[in-house]
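Below: one structure, written as structure tokens.
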Amino acid sequence: MATVFNTDDTIFFVGGTGTKTGLFNAGGCTKAWYDANFTQLSDIMDANGECIDSYDGAIYTHSTKRISRTGEFTNSEIGMVVYVYDNQGVPTITTGRYKITDVDPSGNWIEVNDIVATGDSDDVVANVGGAFDKLQTALDNTDASAAAPHNVDILTNKAKTFSGIGDQIDVDTGGGSGASGTWKRIIGIDDSGIELAEGSYVDFDGNGRACHAFKILNVQCIEFRHVHAGNTAATHYGFYYTATGYCQGLLLRNCKSTGCKYGVYSDTVYIRGISIIGGHYSSATGPALYFAGCRWVNVLDAELTGSLAGALIDGDVVGILLIDGCVLHKTGNYFGGVYTDNWDTFLIISNCVFYNIDDCIRLNDAESRLVQYNNVFVLHTASTGKIINRMVGAIKYSDYGCAWAIDGAPAAPGRWGGTGLPEHSIEQDPQFVDADNGDFRPRNPNVLRGGKPDIADNETEMGAILQKYQFARRAKAANLGRLQIIR
């Protein structure tokens, strides 16, 4: 016998309907119930995020595993999750969240086969479904790393504006299990209960308080989706990853951070395998993303913007730092796109756009290594700006790129890291559709067809934003001798 976290993948909610008040001791549902039955938030909760069924003082009969109260469970369904608390003087039931395995058609009882109990009780709190009052409560009371771990998805439509440092959201318990492949996911939804579209977020506003928006500590297999962490004090971060033991499986998918010291920060070798996929990140003080000593980081399809001094990505990563499909754009203090000075960083940058940036890539450690291809670089200053500023470190591969500058053709000596213009690279205007308004689709045919060929020698495109329609290939000249043979 075990709580639902040992038996089923589960879905829990934060906020929910109406005023989104919710409650501390909410239930939820199994993923199987959700997939088969969920159409809207009112399927699993009452007005204002309250439980769909709830009673304080129900009767539990151990021989049948039933919680009973006449007419109080009319909305309960098999597969919903009930929070159970034994309120009698000497409790016999272990407090927890359990799956409903059977229901009375008349609504007089629910059956909970996996409940942990030693006897009967006549004073049980039973809360079916509903939404948690806040995200911190949901994080602290769900577990994707139980003895027999299962996935936990927390769906929230409840924004938060911090009023003090105690509002920092700590993700420090009940994470997923790398050994079992389970995840705890925090997913932003709309008021219909549907996952938000790309570019939409649930806002967590630090309101200038001296705390991080999110601190992820000593947990693994944690995913955020459609969450905006913003506006902390200038000394604190949007998403702060740290640990005292090895943790991996850390994912930000289509998230956002603005107005913090760093959008994402990690400061220890114990953090392994952060992946940032999609979304938008900037900083109130410098780097949008700052990795100090952590290992094996991926930044894919993200937009990074800034107007402050320093690189947009400060990547002191041990092992591979992969940056692919990203747009890096500066509107002030134009120096620095990606920077590393770590002794063991293997930097791979591909299919990216660097716009209005001098020293797009900067290496500053003798043991750093760089592979870059299929990138489009538009410098801020033609006369002095560099595509690669190799102070020390080795360029293992650099080709199939396009370089230009806001004010014309690049001219700085050593601008490709001291190797000269790579064989298949060009220095031409990529002819973006509307760079001033963030449309970085190239129109130059040499960019549209000039990327590194695939394994079958097919042409590919440079940059992060692909054109839907590419320029047609020019017709080849006819071989008149061959035409004679065809006749």
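Ligands are numbered from 1 in the order shown, residues from 1 within each chain, and chains are lettered A, B, ... in the order they appear in the structure tokens.
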
Could you make a table, as a Markdown table, of the residues of range 206-300 of chain A that have an atom within 10 Å of an atom of range 310-332 of chain A, each with its nearest atom pair and distance in Å to one decimal, counting only C-alpha atoms, in chain and number order?
```
| residue | atom | partner | partner_atom | distance |
| --- | --- | --- | --- | --- |
| A:Tyr262 | CA | A:Leu312 | CA | 9.6 |
| A:Val264 | CA | A:Ile313 | CA | 9.8 |
| A:Tyr265 | CA | A:Asp314 | CA | 9.7 |
| A:Ser266 | CA | A:Val317 | CA | 9.8 |
| A:Asp267 | CA | A:Asp316 | CA | 9.6 |
| A:Thr268 | CA | A:Val317 | CA | 9.7 |
| A:Val269 | CA | A:Val318 | CA | 7.5 |
| A:Arg272 | CA | A:Val318 | CA | 9.3 |
| A:Gly273 | CA | A:Ile320 | CA | 9.5 |
| A:Ile274 | CA | A:Leu321 | CA | 9.8 |
| A:Ser275 | CA | A:Leu322 | CA | 9.4 |
| A:Ile276 | CA | A:Ile323 | CA | 9.5 |
| A:Ile277 | CA | A:Cys326 | CA | 9.4 |
| A:Gly278 | CA | A:Cys326 | CA | 8.3 |
| A:Gly279 | CA | A:Cys326 | CA | 9.9 |
| A:His280 | CA | A:Val327 | CA | 9.5 |
| A:Tyr281 | CA | A:Leu312 | CA | 9.0 |
| A:Ser282 | CA | A:Leu312 | CA | 7.7 |
| A:Ser283 | CA | A:Leu312 | CA | 8.4 |
| A:Thr285 | CA | A:Gly310 | CA | 8.7 |
| A:Gly286 | CA | A:Gly310 | CA | 5.4 |
| A:Pro287 | CA | A:Leu312 | CA | 4.4 |
| A:Ala288 | CA | A:Leu312 | CA | 5.1 |
| A:Leu289 | CA | A:Ile313 | CA | 4.9 |
| A:Tyr290 | CA | A:Asp314 | CA | 4.8 |
| A:Phe291 | CA | A:Gly315 | CA | 5.1 |
| A:Ala292 | CA | A:Asp316 | CA | 5.0 |
| A:Gly293 | CA | A:Val317 | CA | 5.1 |
| A:Cys294 | CA | A:Val317 | CA | 5.4 |
| A:Arg295 | CA | A:Val318 | CA | 4.7 |
| A:Trp296 | CA | A:Ile320 | CA | 4.8 |
| A:Val297 | CA | A:Leu321 | CA | 4.9 |
| A:Asn298 | CA | A:Leu322 | CA | 4.8 |
| A:Val299 | CA | A:Ile323 | CA | 4.8 |
| A:Leu300 | CA | A:Asp324 | CA | 4.9 |
```

Those same residues, written as an mmCIF file, in the first residue's frame with C-alpha atoms?
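For reference, selection-v9.cif as written:
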```cif
data_model
loop_
_atom_site.group_PDB
_atom_site.id
_atom_site.type_symbol
_atom_site.label_atom_id
_atom_site.label_comp_id
_atom_site.auth_asym_id
_atom_site.auth_seq_id
_atom_site.Cartn_x
_atom_site.Cartn_y
_atom_site.Cartn_z
ATOM 1 C CA TYR A 262 21.057 36.913 -14.388
ATOM 2 C CA VAL A 264 19.655 31.777 -15.308
ATOM 3 C CA TYR A 265 22.617 31.179 -13.012
ATOM 4 C CA SER A 266 24.395 28.026 -11.885
ATOM 5 C CA ASP A 267 27.450 28.100 -9.670
ATOM 6 C CA THR A 268 28.725 24.585 -8.980
ATOM 7 C CA VAL A 269 30.160 21.501 -10.662
ATOM 8 C CA ARG A 272 24.977 18.689 -14.612
ATOM 9 C CA GLY A 273 22.993 18.887 -17.784
ATOM 10 C CA ILE A 274 20.967 22.110 -17.753
ATOM 11 C CA SER A 275 18.940 22.394 -20.962
ATOM 12 C CA ILE A 276 17.304 25.664 -22.032
ATOM 13 C CA ILE A 277 14.952 25.208 -24.963
ATOM 14 C CA GLY A 278 13.133 28.185 -26.445
ATOM 15 C CA GLY A 279 12.030 31.228 -24.503
ATOM 16 C CA HIS A 280 13.569 34.636 -23.878
ATOM 17 C CA TYR A 281 16.243 35.718 -21.411
ATOM 18 C CA SER A 282 17.839 39.023 -20.500
ATOM 19 C CA SER A 283 19.551 40.561 -17.481
ATOM 20 C CA THR A 285 23.225 43.625 -14.789
ATOM 21 C CA GLY A 286 25.038 41.697 -17.533
ATOM 22 C CA PRO A 287 24.855 38.105 -18.801
ATOM 23 C CA ALA A 288 21.401 36.738 -19.522
ATOM 24 C CA LEU A 289 22.761 33.235 -18.840
ATOM 25 C CA TYR A 290 25.717 32.623 -16.538
ATOM 26 C CA PHE A 291 27.177 29.176 -15.940
ATOM 27 C CA ALA A 292 30.037 29.033 -13.448
ATOM 28 C CA GLY A 293 31.611 25.596 -13.257
ATOM 29 C CA CYS A 294 28.526 23.494 -13.952
ATOM 30 C CA ARG A 295 28.750 20.708 -16.514
ATOM 31 C CA TRP A 296 27.259 19.962 -19.940
ATOM 32 C CA VAL A 297 24.835 22.758 -20.815
ATOM 33 C CA ASN A 298 22.543 23.063 -23.853
ATOM 34 C CA VAL A 299 20.936 26.325 -24.990
ATOM 35 C CA LEU A 300 18.626 25.666 -27.937
#
```

(request) Give me the residues within 10 Å of Glu423 in chain A as a PyMOL selection string, counting only C-alpha atoms and dropping any in the same chain fewer than 3 places off. (result) chain A and resi 398-401+420+426

Output N, CA and C atoms of each residue in that selection to a file, as a compact mmCIF listing (two decimals), in the first residue's frame.
```txt
# COMPACT_ATOMS: atom_id res chain seq x y z
N SER A 398 35.71 25.98 -37.80
CA SER A 398 35.01 27.24 -37.96
C SER A 398 34.78 27.47 -39.45
N ASP A 399 33.51 27.39 -39.89
CA ASP A 399 33.24 27.55 -41.33
C ASP A 399 31.74 27.71 -41.55
N TYR A 400 31.40 27.91 -42.81
CA TYR A 400 30.01 28.04 -43.26
C TYR A 400 29.28 29.12 -42.46
N GLY A 401 29.90 30.30 -42.40
CA GLY A 401 29.29 31.41 -41.70
C GLY A 401 29.17 32.62 -42.60
N GLY A 420 41.85 33.75 -40.60
CA GLY A 420 41.43 34.25 -41.91
C GLY A 420 40.00 33.83 -42.20
N ILE A 426 31.33 33.64 -45.86
CA ILE A 426 31.18 34.84 -46.68
C ILE A 426 31.12 36.06 -45.77
```

(request) Among the residues of range 254-388 of chain A, find those DSSP assigns to strand (DSSP E) from the backbone and print them as a PyMOL selection string. (result) chain A and resi 256-258+264-266+271-277+280-281+289-300+303-306+313-324+327-330+338-340+345-350+353-355+361-373+376-379+388

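The neighbours of Asp429 in chain A here are the residues that come within 10 Å of it, using only C-alpha atoms and leaving out any residue fewer than 5 positions away in the same chain; they are A:Val376, A:Phe377, A:Val378, A:Cys402, A:Ala403, A:Trp404, A:Ala405, A:Ile406, A:Gly408, A:Ala409, A:Pro442, A:Arg443, A:Asn444, A:Asn446, A:Val447.
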
Prev. selection, C-alpha atoms, output as a PDB file, in the first residue's frame:
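Below is the file selection03.pdb, written as the result:
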```pdb
ATOM      1  CA  VAL A 376      25.220  34.625 -39.114  1.00  0.00           C
ATOM      2  CA  PHE A 377      27.159  37.457 -37.453  1.00  0.00           C
ATOM      3  CA  VAL A 378      26.252  41.134 -37.768  1.00  0.00           C
ATOM      4  CA  CYS A 402      28.194  34.836 -42.836  1.00  0.00           C
ATOM      5  CA  ALA A 403      29.622  38.038 -41.337  1.00  0.00           C
ATOM      6  CA  TRP A 404      28.652  41.666 -41.836  1.00  0.00           C
ATOM      7  CA  ALA A 405      28.366  44.802 -39.694  1.00  0.00           C
ATOM      8  CA  ILE A 406      25.703  47.393 -38.998  1.00  0.00           C
ATOM      9  CA  GLY A 408      29.228  47.809 -43.634  1.00  0.00           C
ATOM     10  CA  ALA A 409      31.836  45.184 -44.449  1.00  0.00           C
ATOM     11  CA  PRO A 442      17.777  36.182 -44.213  1.00  0.00           C
ATOM     12  CA  ARG A 443      17.065  36.957 -47.869  1.00  0.00           C
ATOM     13  CA  ASN A 444      20.589  36.728 -49.242  1.00  0.00           C
ATOM     14  CA  ASN A 446      24.173  32.786 -50.361  1.00  0.00           C
ATOM     15  CA  VAL A 447      22.954  32.565 -46.776  1.00  0.00           C
TER      16      VAL A 447
END
```

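Reported to one decimal place, the separation of CA of Asp358 in chain A from CA of Ile387 in chain A is 7.0 Å.
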
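Among the candidates A:Val103, A:Ile189, A:Ile67, A:Val14, the residue lying nearest to Asp86 in chain A is A:Ile67 (atoms considered: only C-alpha atoms).
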
(request) Find the spatial neighbours of Phe162 in chain A, counting only C-alpha atoms, within a cut-off of 10 Å - ignore same-chain residues fewer than 6 positions away - and output them as number ranges by chain. (result) A: 168-169, 204-209, 211, 213, 231-232

(message) Neighbouring residues of range 214-225 of chain A were defined as those with any atom within 6 Å, considering only C-alpha atoms; residues of the same chain fewer than 2 positions away were excluded. Please report them as a PyMOL selection string.
(response) chain A and resi 169-172+175-176+183-187+212+227+239-243+247-255

With N, CA and C atoms retained, write the just-selected residues as a PDB file, in the first residue's frame.
```pdb
ATOM      1  N   ILE A 169      10.542  31.116  -4.358  1.00  0.00           N
ATOM      2  CA  ILE A 169       9.996  29.780  -4.567  1.00  0.00           C
ATOM      3  C   ILE A 169      11.153  28.787  -4.598  1.00  0.00           C
ATOM      4  N   ASP A 170      11.146  27.884  -3.640  1.00  0.00           N
ATOM      5  CA  ASP A 170      12.208  26.896  -3.492  1.00  0.00           C
ATOM      6  C   ASP A 170      11.746  25.557  -4.055  1.00  0.00           C
ATOM      7  N   VAL A 171      12.517  25.060  -5.004  1.00  0.00           N
ATOM      8  CA  VAL A 171      12.261  23.733  -5.566  1.00  0.00           C
ATOM      9  C   VAL A 171      13.344  22.833  -4.998  1.00  0.00           C
ATOM     10  N   ASP A 172      13.043  22.172  -3.892  1.00  0.00           N
ATOM     11  CA  ASP A 172      14.091  21.464  -3.163  1.00  0.00           C
ATOM     12  C   ASP A 172      13.643  20.122  -2.603  1.00  0.00           C
ATOM     13  N   GLY A 175      11.734  16.020  -6.368  1.00  0.00           N
ATOM     14  CA  GLY A 175      12.075  16.065  -7.781  1.00  0.00           C
ATOM     15  C   GLY A 175      11.987  14.695  -8.421  1.00  0.00           C
ATOM     16  N   GLY A 176      12.251  14.638  -9.705  1.00  0.00           N
ATOM     17  CA  GLY A 176      12.184  13.371 -10.416  1.00  0.00           C
ATOM     18  C   GLY A 176      13.369  12.478 -10.125  1.00  0.00           C
ATOM     19  N   TRP A 183       9.837  12.681 -13.905  1.00  0.00           N
ATOM     20  CA  TRP A 183      10.000  14.137 -13.888  1.00  0.00           C
ATOM     21  C   TRP A 183       8.943  14.790 -13.018  1.00  0.00           C
ATOM     22  N   LYS A 184       9.328  15.898 -12.416  1.00  0.00           N
ATOM     23  CA  LYS A 184       8.367  16.851 -11.873  1.00  0.00           C
ATOM     24  C   LYS A 184       8.370  18.050 -12.804  1.00  0.00           C
ATOM     25  N   ARG A 185       7.193  18.382 -13.334  1.00  0.00           N
ATOM     26  CA  ARG A 185       7.071  19.466 -14.314  1.00  0.00           C
ATOM     27  C   ARG A 185       6.168  20.561 -13.766  1.00  0.00           C
ATOM     28  N   ILE A 186       6.589  21.808 -13.934  1.00  0.00           N
ATOM     29  CA  ILE A 186       5.791  22.968 -13.576  1.00  0.00           C
ATOM     30  C   ILE A 186       5.402  23.639 -14.883  1.00  0.00           C
ATOM     31  N   ILE A 187       4.106  23.639 -15.207  1.00  0.00           N
ATOM     32  CA  ILE A 187       3.643  24.014 -16.539  1.00  0.00           C
ATOM     33  C   ILE A 187       2.613  25.133 -16.424  1.00  0.00           C
ATOM     34  N   HIS A 212      15.786  35.297  -4.940  1.00  0.00           N
ATOM     35  CA  HIS A 212      15.646  34.737  -6.274  1.00  0.00           C
ATOM     36  C   HIS A 212      14.164  34.487  -6.553  1.00  0.00           C
ATOM     37  N   VAL A 227       6.957  29.732 -17.826  1.00  0.00           N
ATOM     38  CA  VAL A 227       7.093  30.432 -16.550  1.00  0.00           C
ATOM     39  C   VAL A 227       8.012  31.627 -16.747  1.00  0.00           C
ATOM     40  N   PHE A 239      16.239  32.174 -12.346  1.00  0.00           N
ATOM     41  CA  PHE A 239      16.293  30.749 -12.049  1.00  0.00           C
ATOM     42  C   PHE A 239      17.706  30.443 -11.547  1.00  0.00           C
ATOM     43  N   TYR A 240      17.811  30.061 -10.281  1.00  0.00           N
ATOM     44  CA  TYR A 240      19.110  29.803  -9.664  1.00  0.00           C
ATOM     45  C   TYR A 240      19.233  28.310  -9.382  1.00  0.00           C
ATOM     46  N   TYR A 241      20.202  27.664 -10.061  1.00  0.00           N
ATOM     47  CA  TYR A 241      20.437  26.233  -9.893  1.00  0.00           C
ATOM     48  C   TYR A 241      21.698  26.030  -9.070  1.00  0.00           C
ATOM     49  N   THR A 242      21.561  25.293  -7.961  1.00  0.00           N
ATOM     50  CA  THR A 242      22.717  25.006  -7.141  1.00  0.00           C
ATOM     51  C   THR A 242      22.509  23.674  -6.437  1.00  0.00           C
ATOM     52  N   ALA A 243      23.574  23.127  -5.874  1.00  0.00           N
ATOM     53  CA  ALA A 243      23.481  21.801  -5.262  1.00  0.00           C
ATOM     54  C   ALA A 243      24.703  21.548  -4.408  1.00  0.00           C
ATOM     55  N   CYS A 247      23.460  16.667  -9.326  1.00  0.00           N
ATOM     56  CA  CYS A 247      22.078  16.753  -9.798  1.00  0.00           C
ATOM     57  C   CYS A 247      22.090  16.983 -11.300  1.00  0.00           C
ATOM     58  N   GLN A 248      21.199  16.312 -12.001  1.00  0.00           N
ATOM     59  CA  GLN A 248      21.088  16.509 -13.444  1.00  0.00           C
ATOM     60  C   GLN A 248      19.644  16.349 -13.868  1.00  0.00           C
ATOM     61  N   GLY A 249      19.383  16.551 -15.159  1.00  0.00           N
ATOM     62  CA  GLY A 249      18.008  16.506 -15.623  1.00  0.00           C
ATOM     63  C   GLY A 249      17.268  17.782 -15.258  1.00  0.00           C
ATOM     64  N   LEU A 250      17.755  18.935 -15.750  1.00  0.00           N
ATOM     65  CA  LEU A 250      17.204  20.245 -15.400  1.00  0.00           C
ATOM     66  C   LEU A 250      16.853  20.966 -16.690  1.00  0.00           C
ATOM     67  N   LEU A 251      15.580  21.292 -16.855  1.00  0.00           N
ATOM     68  CA  LEU A 251      15.085  21.755 -18.154  1.00  0.00           C
ATOM     69  C   LEU A 251      14.207  22.989 -17.992  1.00  0.00           C
ATOM     70  N   LEU A 252      14.516  24.020 -18.778  1.00  0.00           N
ATOM     71  CA  LEU A 252      13.651  25.190 -18.955  1.00  0.00           C
ATOM     72  C   LEU A 252      13.158  25.162 -20.395  1.00  0.00           C
ATOM     73  N   ARG A 253      11.857  25.008 -20.588  1.00  0.00           N
ATOM     74  CA  ARG A 253      11.293  24.920 -21.934  1.00  0.00           C
ATOM     75  C   ARG A 253      10.311  26.076 -22.135  1.00  0.00           C
ATOM     76  N   ASN A 254      10.614  26.936 -23.102  1.00  0.00           N
ATOM     77  CA  ASN A 254       9.752  28.074 -23.419  1.00  0.00           C
ATOM     78  C   ASN A 254       9.460  28.924 -22.174  1.00  0.00           C
ATOM     79  N   CYS A 255      10.520  29.217 -21.415  1.00  0.00           N
ATOM     80  CA  CYS A 255      10.390  30.078 -20.244  1.00  0.00           C
ATOM     81  C   CYS A 255      11.013  31.448 -20.527  1.00  0.00           C
TER      82      CYS A 255
END
```

(message) What's around Tyr98 in chain A at 8 Å? Count only C-alpha atoms, leave out sequence neighbours fewer than 3 positions away in its own chain, and write the answer as JSON, numbers by chain.
(response) {"A": [2, 3, 4, 81, 82, 83, 84, 112, 114, 115]}

(request) Give the alpha helix (DSSP H) residues of range 99-300 of chain A, as assigned by DSSP on the backbone, as a PyMOL selection string. (result) chain A and resi 135-140

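Minimum atom-to-atom distance to Ser42 in chain A, evaluated using only C-alpha atoms, belongs to A:Gly129 out of A:Gly129, A:Gly107, A:Gly199, A:Gly336.
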